[in-house]
Amino acid sequence: MNQASSASESLATRAATVIDRCRELAGITDMPGETTRLFLSPATRDAQTLVGWWMRQAGLIAHTDDVGNLRATRRCPHDDAPTLVLFSHLDTVPNAGAFDGPLGVLLAIAAIEQLGSTPLPFHIEVIAFSEEEGVRFGFPFLSSLAATGQLTAEHLARTDGNGIPVAEAIRSFGLDPDRIPITCPLAPGTFAAIEAHIEQGPLLDKSDSALAVVESIVGISRMDLTFQGQANHAGTTPMSLRSDAMAAAAQWIVEVEHYAANYTQLVATVGRVHTLSGASNVIPGTVQATLDVRHPKDESRHAAVAHLLTKAETAGALRGVRVHATVQSEQRAVPMDRDLTLKLHRAAERAGYDAQPIFSGAGHDAMILAAAVPTAMLFLRSPGGLSHHPQEEVLCQDVEAALATLLNLLLHLHPHRKL
């Protein structure tokens, strides 16, 4: 690896710098006392200013496209060379940790710093997507959808909690939504895209592994269920004459957990329950609940959803409770590019690390880019399996392993050569 670097810093030192930079970014927030950085907010502007400075220190010139993505390119001597994209995002969930998103951006910058003047047969574009989490407008991936030509007028018309449409927020940030088709698409000749990201789960930590290569991103079904029974007096209605919507929902929730626990790779979650009457002395007449089902194979996910909806109807029928289900969203499973995934595995091996295969239970910008360009993901261990939390962490040796793997890939990657 030393032959690849014109810099004197060791990978361990660069890894420590990446972590320090993530923590510095975490201090840039829309909400004092926590890390909350929303799409096109004042904190987004400040974060992009800082990351843009780090890009310039790495010899790159940063600019912002018209959906708010921060972008910079390491040029190959040949102008007509293809482009490799290294990417992740800078926005956060409310009260977030320091590493979900920014780590991948800062690893990309560190890799370019370590390359120094080493020639490569392709350009490298670093993209720090401005919106991935979907917090402000209730819809994720707006930035990567713009980069892949999938952002629609309906997306631009979505409003935030203050009634501000996406298009207006873009203009208020000093950008032009009408220029999105011109300034936002991936560079012509982009041949591959790679995202480094924390796992956000416990599997690597449980197996004491630093890295994993993502084979696929799970498909997700999200549904709303309404259990419609009959509200009545809690003291005067005998148990045998009740149509208790909460009791039906409660039975179903337990069955959701039991069913998913008996199938590998399947996860099913009832994340929110709302009782409309909501009084302690009233039999619940209406209960609303959410269902989130995820699996790396779409056919298995569809079968699970069908089974769990049948279970809901059965739980309701036992009590005279009607059940109505509405699909909120369906997201298909997205496989990562096989050739690029194998190259990531081999890069990790050459760097001295065993990167196990894994599937991602969370959505990422990688699933959006995969529709337009061969895409791969490198996961780093999340100590304690903790993410979307202020105590989210990474280990310096894991960041060093990811940096070594990424550098090894860059040095051996050829845009026109298959395995």
# chains A, B, ... in the order shown; residues from 1 in each chain; ligands from 1
>>> select_by_dssp(residues="range 179-379 of chain A", states="strand (DSSP E or B)", output="PDB file with C-alpha atoms, in the first residue's frame")
ATOM      1  CA  THR A 190     -19.811   6.562 -14.886  1.00  0.00           C
ATOM      2  CA  PHE A 191     -18.976   2.862 -14.760  1.00  0.00           C
ATOM      3  CA  ALA A 192     -19.339   2.012 -11.054  1.00  0.00           C
ATOM      4  CA  ALA A 193     -20.397   3.412  -7.686  1.00  0.00           C
ATOM      5  CA  ILE A 194     -19.330   2.370  -4.179  1.00  0.00           C
ATOM      6  CA  GLU A 195     -20.756   3.339  -0.792  1.00  0.00           C
ATOM      7  CA  ALA A 196     -18.994   2.686   2.502  1.00  0.00           C
ATOM      8  CA  HIS A 197     -21.367   2.727   5.475  1.00  0.00           C
ATOM      9  CA  ILE A 198     -21.712   1.471   9.019  1.00  0.00           C
ATOM     10  CA  LEU A 211     -16.002  -5.478   7.471  1.00  0.00           C
ATOM     11  CA  ALA A 212     -18.663  -7.011   5.259  1.00  0.00           C
ATOM     12  CA  VAL A 213     -19.552  -6.708   1.600  1.00  0.00           C
ATOM     13  CA  VAL A 214     -23.252  -6.219   0.925  1.00  0.00           C
ATOM     14  CA  GLU A 215     -24.784  -8.786  -1.410  1.00  0.00           C
ATOM     15  CA  SER A 216     -28.232  -7.181  -1.542  1.00  0.00           C
ATOM     16  CA  ILE A 217     -30.464  -4.588   0.100  1.00  0.00           C
ATOM     17  CA  GLY A 219     -37.121  -5.406  -0.004  1.00  0.00           C
ATOM     18  CA  ILE A 220     -39.529  -3.602   2.308  1.00  0.00           C
ATOM     19  CA  SER A 221     -43.327  -3.708   2.613  1.00  0.00           C
ATOM     20  CA  ARG A 222     -44.931  -1.004   4.757  1.00  0.00           C
ATOM     21  CA  MET A 223     -48.612  -1.196   5.642  1.00  0.00           C
ATOM     22  CA  ASP A 224     -51.217   0.474   7.821  1.00  0.00           C
ATOM     23  CA  LEU A 225     -53.807  -1.746   9.525  1.00  0.00           C
ATOM     24  CA  THR A 226     -57.043  -0.650  11.157  1.00  0.00           C
ATOM     25  CA  PHE A 227     -58.770  -2.927  13.670  1.00  0.00           C
ATOM     26  CA  GLN A 228     -62.411  -1.768  13.846  1.00  0.00           C
ATOM     27  CA  ASN A 232     -68.147   0.528  24.940  1.00  0.00           C
ATOM     28  CA  HIS A 233     -68.083   0.991  28.691  1.00  0.00           C
ATOM     29  CA  VAL A 267     -37.820  -9.214  10.080  1.00  0.00           C
ATOM     30  CA  ALA A 268     -41.303  -7.895  10.831  1.00  0.00           C
ATOM     31  CA  THR A 269     -42.097  -4.936  13.046  1.00  0.00           C
ATOM     32  CA  VAL A 273     -50.038   1.566  17.579  1.00  0.00           C
ATOM     33  CA  HIS A 274     -52.715   4.219  18.119  1.00  0.00           C
ATOM     34  CA  THR A 275     -55.993   3.792  20.006  1.00  0.00           C
ATOM     35  CA  VAL A 282     -63.413   2.642  27.393  1.00  0.00           C
ATOM     36  CA  ILE A 283     -63.113  -0.609  25.462  1.00  0.00           C
ATOM     37  CA  THR A 286     -60.570   1.425  16.778  1.00  0.00           C
ATOM     38  CA  VAL A 287     -56.863   0.641  16.778  1.00  0.00           C
ATOM     39  CA  GLN A 288     -54.456   1.674  14.040  1.00  0.00           C
ATOM     40  CA  ALA A 289     -51.127  -0.103  13.640  1.00  0.00           C
ATOM     41  CA  THR A 290     -48.206  -0.150  11.243  1.00  0.00           C
ATOM     42  CA  LEU A 291     -46.478  -3.200   9.779  1.00  0.00           C
ATOM     43  CA  ASP A 292     -42.931  -3.195   8.359  1.00  0.00           C
ATOM     44  CA  VAL A 293     -41.755  -6.444   6.721  1.00  0.00           C
ATOM     45  CA  ARG A 294     -38.260  -6.908   5.244  1.00  0.00           C
ATOM     46  CA  HIS A 295     -36.495  -9.776   3.472  1.00  0.00           C
ATOM     47  CA  ARG A 322     -63.037  -6.012  11.221  1.00  0.00           C
ATOM     48  CA  VAL A 323     -59.536  -5.518   9.832  1.00  0.00           C
ATOM     49  CA  HIS A 324     -58.627  -3.249   6.943  1.00  0.00           C
ATOM     50  CA  ALA A 325     -55.075  -3.094   5.529  1.00  0.00           C
ATOM     51  CA  THR A 326     -53.595  -0.390   3.266  1.00  0.00           C
ATOM     52  CA  VAL A 327     -50.250  -0.655   1.505  1.00  0.00           C
ATOM     53  CA  GLN A 328     -48.173   2.470   2.133  1.00  0.00           C
ATOM     54  CA  SER A 329     -45.084   1.474   0.153  1.00  0.00           C
ATOM     55  CA  GLU A 330     -43.461  -1.475  -1.573  1.00  0.00           C
ATOM     56  CA  GLN A 331     -39.731  -1.457  -2.125  1.00  0.00           C
ATOM     57  CA  VAL A 334     -31.987  -4.670  -4.771  1.00  0.00           C
ATOM     58  CA  PRO A 335     -28.986  -6.901  -5.466  1.00  0.00           C
ATOM     59  CA  GLN A 356     -17.983 -11.542   5.023  1.00  0.00           C
ATOM     60  CA  PRO A 357     -21.028 -11.426   2.732  1.00  0.00           C
ATOM     61  CA  ILE A 358     -24.076  -9.740   4.262  1.00  0.00           C
ATOM     62  CA  PHE A 359     -27.415  -8.255   3.270  1.00  0.00           C
ATOM     63  CA  SER A 360     -28.528  -4.814   4.329  1.00  0.00           C
ATOM     64  CA  THR A 375     -23.049  -0.462  -7.428  1.00  0.00           C
ATOM     65  CA  ALA A 376     -21.489  -2.085  -4.366  1.00  0.00           C
ATOM     66  CA  MET A 377     -21.481  -1.437  -0.611  1.00  0.00           C
ATOM     67  CA  LEU A 378     -18.825  -1.951   2.058  1.00  0.00           C
ATOM     68  CA  PHE A 379     -20.095  -2.250   5.639  1.00  0.00           C
TER      69      PHE A 379
END
>>> residues_around(residues="Arg75 in chain A", least_positions_apart="2", cutoff="10 Å", atoms="only C-alpha atoms", output="list of chain:residue names")
A:Leu60, A:Ala72, A:Thr73, A:Pro77, A:His78, A:Asp79, A:Ala81, A:Thr83, A:Pro119, A:Leu120, A:Pro121, A:Phe122, A:His123, A:Ile124, A:Glu125
>>> write_last_selection(atoms="C-alpha atoms", output="compact mmCIF listing (two decimals), in the first residue's frame")
# COMPACT_ATOMS: atom_id res chain seq x y z
CA LEU A 60 -10.37 18.63 -5.15
CA ALA A 72 -15.91 16.94 -6.23
CA THR A 73 -13.82 15.07 -8.80
CA PRO A 77 -5.10 12.84 -17.14
CA HIS A 78 -7.36 11.58 -19.94
CA ASP A 79 -10.48 13.74 -20.16
CA ALA A 81 -11.77 8.45 -19.10
CA THR A 83 -15.78 7.87 -13.77
CA PRO A 119 -2.31 7.73 -11.60
CA LEU A 120 -5.52 5.78 -12.15
CA PRO A 121 -7.30 5.00 -15.44
CA PHE A 122 -10.51 6.73 -14.35
CA HIS A 123 -11.84 9.86 -12.72
CA ILE A 124 -13.14 9.60 -9.14
CA GLU A 125 -16.19 11.67 -8.20
>>> closest_residue(among="A:Ala231, A:Ala108, A:Leu25, A:Leu156", to="Thr405 in chain A", atoms="only C-alpha atoms")
A:Ala108
>>> closest_residue(among="A:Ala402, A:Leu308, A:Ala370, A:Ala317", to="Ser209 in chain A", atoms="only C-alpha atoms")
A:Ala402
>>> select_by_dssp(residues="range 349-390 of chain A", states="helix (DSSP H, G or I)", output="list in words")
Glu349, Arg350, Asp365, Ala366, Met367, Ile368, Leu369, Pro383, Gly384 and Gly385 of chain A
>>> residues_around(residues="Asn69 in chain A", least_positions_apart="5", cutoff="7 Å", atoms="only C-alpha atoms", output="count of residues only")
6
>>> atom_distance(atom1="CA of Ala26 in chain A", atom2="CA of Leu70 in chain A")
17.2 Å
>>> closest_residue(among="A:His412, A:Arg272, A:Arg338, A:Arg45", to="Ala351 in chain A", atoms="only C-alpha atoms")
A:His412
>>> atom_distance(atom1="CA of Leu145 in chain A", atom2="CA of His364 in chain A")
11.6 Å
>>> residues_around(residues="Leu38 in chain A", least_positions_apart="4", cutoff="10 Å", atoms="only C-alpha atoms", output="PDB file with N, CA and C atoms, in the first residue's frame")
ATOM      1  N   THR A  29     -25.389  21.277  13.628  1.00  0.00           N
ATOM      2  CA  THR A  29     -26.731  20.737  13.852  1.00  0.00           C
ATOM      3  C   THR A  29     -27.788  21.827  13.784  1.00  0.00           C
ATOM      4  N   ASP A  30     -28.984  21.436  13.429  1.00  0.00           N
ATOM      5  CA  ASP A  30     -30.136  22.342  13.479  1.00  0.00           C
ATOM      6  C   ASP A  30     -30.741  22.435  14.873  1.00  0.00           C
ATOM      7  N   MET A  31     -30.386  21.478  15.748  1.00  0.00           N
ATOM      8  CA  MET A  31     -30.953  21.423  17.100  1.00  0.00           C
ATOM      9  C   MET A  31     -29.818  21.389  18.113  1.00  0.00           C
ATOM     10  N   PRO A  42     -30.016  25.232   7.457  1.00  0.00           N
ATOM     11  CA  PRO A  42     -28.789  25.992   7.720  1.00  0.00           C
ATOM     12  C   PRO A  42     -27.613  25.095   8.116  1.00  0.00           C
ATOM     13  N   ALA A  43     -27.880  24.033   8.874  1.00  0.00           N
ATOM     14  CA  ALA A  43     -26.800  23.123   9.257  1.00  0.00           C
ATOM     15  C   ALA A  43     -26.233  22.384   8.050  1.00  0.00           C
ATOM     16  N   THR A  44     -27.090  22.085   7.074  1.00  0.00           N
ATOM     17  CA  THR A  44     -26.605  21.460   5.846  1.00  0.00           C
ATOM     18  C   THR A  44     -25.597  22.368   5.148  1.00  0.00           C
ATOM     19  N   LEU A  90     -24.952  13.282   3.941  1.00  0.00           N
ATOM     20  CA  LEU A  90     -24.619  14.156   5.070  1.00  0.00           C
ATOM     21  C   LEU A  90     -25.809  14.489   5.955  1.00  0.00           C
ATOM     22  N   ASP A  91     -27.041  14.219   5.527  1.00  0.00           N
ATOM     23  CA  ASP A  91     -28.198  14.502   6.382  1.00  0.00           C
ATOM     24  C   ASP A  91     -28.312  13.424   7.456  1.00  0.00           C
ATOM     25  N   THR A  92     -29.104  13.692   8.469  1.00  0.00           N
ATOM     26  CA  THR A  92     -29.240  12.764   9.596  1.00  0.00           C
ATOM     27  C   THR A  92     -30.707  12.599   9.980  1.00  0.00           C
ATOM     28  N   VAL A  93     -30.941  11.588  10.802  1.00  0.00           N
ATOM     29  CA  VAL A  93     -32.207  11.489  11.516  1.00  0.00           C
ATOM     30  C   VAL A  93     -32.138  12.423  12.718  1.00  0.00           C
ATOM     31  N   PRO A  94     -33.272  12.716  13.370  1.00  0.00           N
ATOM     32  CA  PRO A  94     -33.212  13.515  14.596  1.00  0.00           C
ATOM     33  C   PRO A  94     -32.405  12.806  15.684  1.00  0.00           C
ATOM     34  N   SER A 130     -27.264  15.154  -0.207  1.00  0.00           N
ATOM     35  CA  SER A 130     -27.828  16.071   0.780  1.00  0.00           C
ATOM     36  C   SER A 130     -29.079  15.519   1.453  1.00  0.00           C
ATOM     37  N   GLU A 131     -29.699  14.482   0.873  1.00  0.00           N
ATOM     38  CA  GLU A 131     -30.946  13.956   1.442  1.00  0.00           C
ATOM     39  C   GLU A 131     -31.024  12.450   1.206  1.00  0.00           C
ATOM     40  N   GLU A 132     -30.986  11.710   2.295  1.00  0.00           N
ATOM     41  CA  GLU A 132     -31.150  10.255   2.228  1.00  0.00           C
ATOM     42  C   GLU A 132     -32.188   9.756   3.220  1.00  0.00           C
ATOM     43  N   GLU A 133     -32.244  10.384   4.389  1.00  0.00           N
ATOM     44  CA  GLU A 133     -33.039   9.863   5.497  1.00  0.00           C
ATOM     45  C   GLU A 133     -34.547  10.081   5.343  1.00  0.00           C
ATOM     46  N   GLY A 134     -34.942  11.097   4.576  1.00  0.00           N
ATOM     47  CA  GLY A 134     -36.377  11.317   4.363  1.00  0.00           C
ATOM     48  C   GLY A 134     -37.082  11.996   5.514  1.00  0.00           C
ATOM     49  N   VAL A 135     -36.343  12.671   6.389  1.00  0.00           N
ATOM     50  CA  VAL A 135     -36.965  13.224   7.592  1.00  0.00           C
ATOM     51  C   VAL A 135     -37.792  14.464   7.278  1.00  0.00           C
ATOM     52  N   ARG A 136     -37.216  15.419   6.575  1.00  0.00           N
ATOM     53  CA  ARG A 136     -37.909  16.707   6.395  1.00  0.00           C
ATOM     54  C   ARG A 136     -39.170  16.567   5.553  1.00  0.00           C
ATOM     55  N   PHE A 137     -39.114  15.817   4.448  1.00  0.00           N
ATOM     56  CA  PHE A 137     -40.252  15.740   3.530  1.00  0.00           C
ATOM     57  C   PHE A 137     -40.961  14.397   3.567  1.00  0.00           C
TER      58      PHE A 137
END
>>> residues_around(residues="range 204-206 of chain A", least_positions_apart="2", cutoff="6 Å", atoms="only C-alpha atoms", output="PyMOL selection string")
chain A and resi 202+208-209+381+383
>>> write_last_selection(atoms="C-alpha atoms", output="compact mmCIF listing (two decimals), in the first residue's frame")
# COMPACT_ATOMS: atom_id res chain seq x y z
CA PRO A 202 -25.28 -6.28 15.34
CA ASP A 208 -16.11 -9.88 15.84
CA SER A 209 -15.64 -8.83 12.20
CA ARG A 381 -18.93 -2.86 12.19
CA PRO A 383 -20.18 -1.63 17.99
